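As structure tokens, the structure follows; a few thoughts come after it.
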Amino acid sequence: MSNISNNIPEKTIERLSEYRRTLIRCHKQGIKHIFSHVLAGMHGITAVQVRRDLMLIGFSSDTKKGYDVDVLIEFISAILDSPSAMNIGVIGMGHLGQAITKYFNGKGLKLRIVASFDVDADKVGTTIDDIPCFDMADFESAVIDHDINIVILSCPTRVAESMVVPIVNAGIKGVLNFTSKPLNFPLGIVVENYDITTLLEKVAYFVKEGESGDAAE
């Protein structure tokens, strides 16, 4: 990720988001308290790492019962969430864009996909999963009308670079890029380049290495 300046490390922010999702699931199961080593085990890390992350945000009330699940959810939410919901737009409503929309909406987060954008005449002007789809030609005005802060890029990689100028001109503050083309933006715009191909190749490499190790034994 680029263009980030705060006192909490990027990896800690990622883990806090993961902790919160786990804690919400625990809450739904009726679990009231959880020990740091239990939370750590659910994420494949050490209890020391969990305690360090929580200390970084000023949370340290680990009692004999463990962390109070409800209190910790609220505490992490106060760190991660904005005072009001952030609106998101999805650029590219192919299979990936529609899958992303279905996944995010209904999660109960303070992140709402409120609009989508495409150049396909069969999609423009329709509603996909309750989200209106606009023509990219109307991107800037739709961003203003729907108060969009963040965009998710799920368009074809070949056109990804051409999206940079419209995104900057529209005043977008954050970009999650799902194309395989790393994109650079001016300072002030937070960018996360999420390359699925690279991640899959990384997983495949370690699977291959594991199989090689097994064969050598």
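If you're wondering about the labels, chains in the structure tokens are A, B, ... by order shown, residues count from 1 in each chain, ligands from 1 in order shown.
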**Request:** Write out as a list in words the residues lying within 9 Å of Ile8 in chain A, counting only C-alpha atoms and excluding same-chain residues fewer than 3 positions away.
**Result:** Ser5, Lys11, Thr12, Ile13, Asp53, Leu56 and Ile57 of chain A
Contacts of range 51-117 of chain A with range 166-188 of chain A up to 10 Å, shortest pair per row, only C-alpha atoms, as CSV:
residue,atom,partner,partner_atom,distance
A:Ile88,CA,A:Gly174,CA,9.3
A:Gly89,CA,A:Val175,CA,9.7
A:Val90,CA,A:Leu176,CA,9.5
A:Ile91,CA,A:Asn177,CA,9.8
A:Leu96,CA,A:Phe178,CA,8.8
A:Gly97,CA,A:Phe178,CA,9.3
**Request:** Identify, on the basis of only C-alpha atoms, every residue whose closest approach to Val119 in chain A does not exceed 10 Å; exclude the query and any residue fewer than 2 positions from it along the same chain; express the result as a list in words.
**Result:**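 My list of contacting residues is Ile91, Gly92, Met93, Phe117, Ala121, Asp122, Lys123, Val124, Cys133, Phe134, Asp135, Met136, Ala137 and Cys155 of chain A.
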Preceding selection exported with C-alpha atoms as a PDB file, in the first residue's frame:
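So the final result, stored in selection16.pdb, reads:
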ATOM      1  CA  ILE A  91     -15.571   0.270 -11.809  1.00  0.00           C
ATOM      2  CA  GLY A  92     -16.206  -2.730 -14.028  1.00  0.00           C
ATOM      3  CA  MET A  93     -19.268  -4.910 -13.465  1.00  0.00           C
ATOM      4  CA  PHE A 117     -19.690   1.885 -13.547  1.00  0.00           C
ATOM      5  CA  ALA A 121     -24.627  -0.696 -22.924  1.00  0.00           C
ATOM      6  CA  ASP A 122     -26.461  -3.783 -21.655  1.00  0.00           C
ATOM      7  CA  LYS A 123     -25.425  -2.960 -18.075  1.00  0.00           C
ATOM      8  CA  VAL A 124     -25.512   0.841 -18.050  1.00  0.00           C
ATOM      9  CA  CYS A 133     -24.866   0.990 -12.957  1.00  0.00           C
ATOM     10  CA  PHE A 134     -23.711   4.219 -14.615  1.00  0.00           C
ATOM     11  CA  ASP A 135     -21.818   4.896 -17.811  1.00  0.00           C
ATOM     12  CA  MET A 136     -18.144   5.718 -17.220  1.00  0.00           C
ATOM     13  CA  ALA A 137     -18.807   8.919 -19.150  1.00  0.00           C
ATOM     14  CA  CYS A 155     -12.231  -3.557 -14.943  1.00  0.00           C
TER      15      CYS A 155
END
**Members of range 136-171 of chain A assigned alpha helix (DSSP H) by DSSP, as a PyMOL selection string** = chain A and resi 139-145+164-169
Create the file for the chosen residues now, containing N, CA and C atoms and written as a short mmCIF file (atom, residue, chain, number, x, y, z; two decimals), in the first residue's frame.
data_model
loop_
_atom_site.label_atom_id
_atom_site.label_comp_id
_atom_site.auth_asym_id
_atom_site.auth_seq_id
_atom_site.Cartn_x
_atom_site.Cartn_y
_atom_site.Cartn_z
N PHE A 139 -18.98 9.29 -14.80
CA PHE A 139 -18.30 8.91 -13.56
C PHE A 139 -18.16 10.08 -12.59
N GLU A 140 -17.62 11.19 -13.04
CA GLU A 140 -17.34 12.31 -12.14
C GLU A 140 -18.62 12.85 -11.49
N SER A 141 -19.67 13.01 -12.27
CA SER A 141 -20.91 13.56 -11.71
C SER A 141 -21.56 12.56 -10.76
N ALA A 142 -21.48 11.26 -11.06
CA ALA A 142 -22.07 10.24 -10.20
C ALA A 142 -21.32 10.15 -8.87
N VAL A 143 -20.00 10.34 -8.93
CA VAL A 143 -19.19 10.34 -7.69
C VAL A 143 -19.65 11.46 -6.77
N ILE A 144 -19.90 12.62 -7.34
CA ILE A 144 -20.36 13.76 -6.55
C ILE A 144 -21.77 13.51 -6.02
N ASP A 145 -22.67 13.05 -6.89
CA ASP A 145 -24.06 12.83 -6.50
C ASP A 145 -24.20 11.79 -5.40
N VAL A 164 -6.92 6.10 -14.16
CA VAL A 164 -6.24 6.93 -13.17
C VAL A 164 -6.69 8.38 -13.22
N VAL A 165 -6.68 8.98 -14.39
CA VAL A 165 -7.03 10.40 -14.50
C VAL A 165 -8.48 10.67 -14.10
N PRO A 166 -9.46 9.88 -14.58
CA PRO A 166 -10.84 10.10 -14.13
C PRO A 166 -10.99 9.97 -12.61
N ILE A 167 -10.29 9.01 -12.01
CA ILE A 167 -10.37 8.82 -10.56
C ILE A 167 -9.81 10.03 -9.83
N VAL A 168 -8.67 10.52 -10.29
CA VAL A 168 -8.06 11.70 -9.67
C VAL A 168 -8.97 12.92 -9.84
N ASN A 169 -9.47 13.12 -11.06
CA ASN A 169 -10.31 14.29 -11.34
C ASN A 169 -11.61 14.29 -10.55
#
**Message:** as a PyMOL selection string, please: every residue in chain A that a backbone DSSP assignment puts in strand (DSSP E).
**Reply:** chain A and resi 33-34+67-68+86-91+111-118+127-128+131-135+148-153+174-177+190-193
Atoms kept (C-alpha atoms) for selection, written as an mmCIF file, in the first residue's frame:
data_model
loop_
_atom_site.group_PDB
_atom_site.id
_atom_site.type_symbol
_atom_site.label_atom_id
_atom_site.label_comp_id
_atom_site.auth_asym_id
_atom_site.auth_seq_id
_atom_site.Cartn_x
_atom_site.Cartn_y
_atom_site.Cartn_z
ATOM 1 C CA HIS A 33 -15.108 -13.395 26.481
ATOM 2 C CA ILE A 34 -12.061 -14.618 24.580
ATOM 3 C CA TYR A 67 -11.144 -9.941 26.505
ATOM 4 C CA ASP A 68 -14.764 -8.789 26.633
ATOM 5 C CA MET A 86 -18.006 5.615 3.457
ATOM 6 C CA ASN A 87 -19.515 5.197 0.036
ATOM 7 C CA ILE A 88 -17.844 2.997 -2.562
ATOM 8 C CA GLY A 89 -18.095 2.726 -6.325
ATOM 9 C CA VAL A 90 -17.150 -0.316 -8.407
ATOM 10 C CA ILE A 91 -15.571 0.270 -11.809
ATOM 11 C CA LEU A 111 -18.606 0.672 3.933
ATOM 12 C CA ARG A 112 -21.382 0.781 1.339
ATOM 13 C CA ILE A 113 -21.203 0.094 -2.377
ATOM 14 C CA VAL A 114 -23.615 2.683 -3.727
ATOM 15 C CA ALA A 115 -22.855 2.774 -7.448
ATOM 16 C CA SER A 116 -21.153 0.834 -10.213
ATOM 17 C CA PHE A 117 -19.690 1.885 -13.547
ATOM 18 C CA ASP A 118 -19.250 0.182 -16.897
ATOM 19 C CA THR A 127 -29.597 -2.148 -11.406
ATOM 20 C CA ILE A 128 -27.257 -5.006 -10.530
ATOM 21 C CA ILE A 131 -26.751 -1.152 -7.186
ATOM 22 C CA PRO A 132 -27.325 1.316 -10.071
ATOM 23 C CA CYS A 133 -24.866 0.990 -12.957
ATOM 24 C CA PHE A 134 -23.711 4.219 -14.615
ATOM 25 C CA ASP A 135 -21.818 4.896 -17.811
ATOM 26 C CA ILE A 148 -18.276 8.313 -3.225
ATOM 27 C CA ASN A 149 -14.947 8.251 -1.350
ATOM 28 C CA ILE A 150 -13.441 4.956 -2.540
ATOM 29 C CA VAL A 151 -13.473 2.988 -5.781
ATOM 30 C CA ILE A 152 -12.829 -0.679 -6.456
ATOM 31 C CA LEU A 153 -11.227 -1.339 -9.822
ATOM 32 C CA GLY A 174 -8.923 5.589 -1.936
ATOM 33 C CA VAL A 175 -8.506 2.885 -4.582
ATOM 34 C CA LEU A 176 -8.601 -0.897 -4.259
ATOM 35 C CA ASN A 177 -7.145 -2.191 -7.507
ATOM 36 C CA VAL A 190 -4.536 5.670 -0.714
ATOM 37 C CA VAL A 191 -3.928 2.777 -3.103
ATOM 38 C CA GLU A 192 -3.951 -0.983 -2.555
ATOM 39 C CA ASN A 193 -2.897 -3.031 -5.570
#
**Prompt:** For Thr101 in chain A, which of A:Leu72, A:Val203, A:Val48, A:Asp130 is the closest residue, counting only C-alpha atoms?
**Reply:** A:Asp130
**Message:** Residues near Asp81 in chain A, anyone? I mean within 12 Å using only C-alpha atoms, not counting same-chain ones fewer than 5 positions away, as a list in words.
**Reply:** Ile13, Leu16, Ser17, Arg20, Ile73, Glu74, Phe75, Ile76, Met86, Gly108, Leu109, Lys110 and Leu111 of chain A
**Request:** Find the residue from A:Glu201, A:Asp138, A:Glu211, A:Glu18 that sits nearest to Gly44 in chain A; use only C-alpha atoms when measuring.
**Result:**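 Once distances to Gly44 in chain A are computed over only C-alpha atoms, the minimum belongs to A:Glu18.
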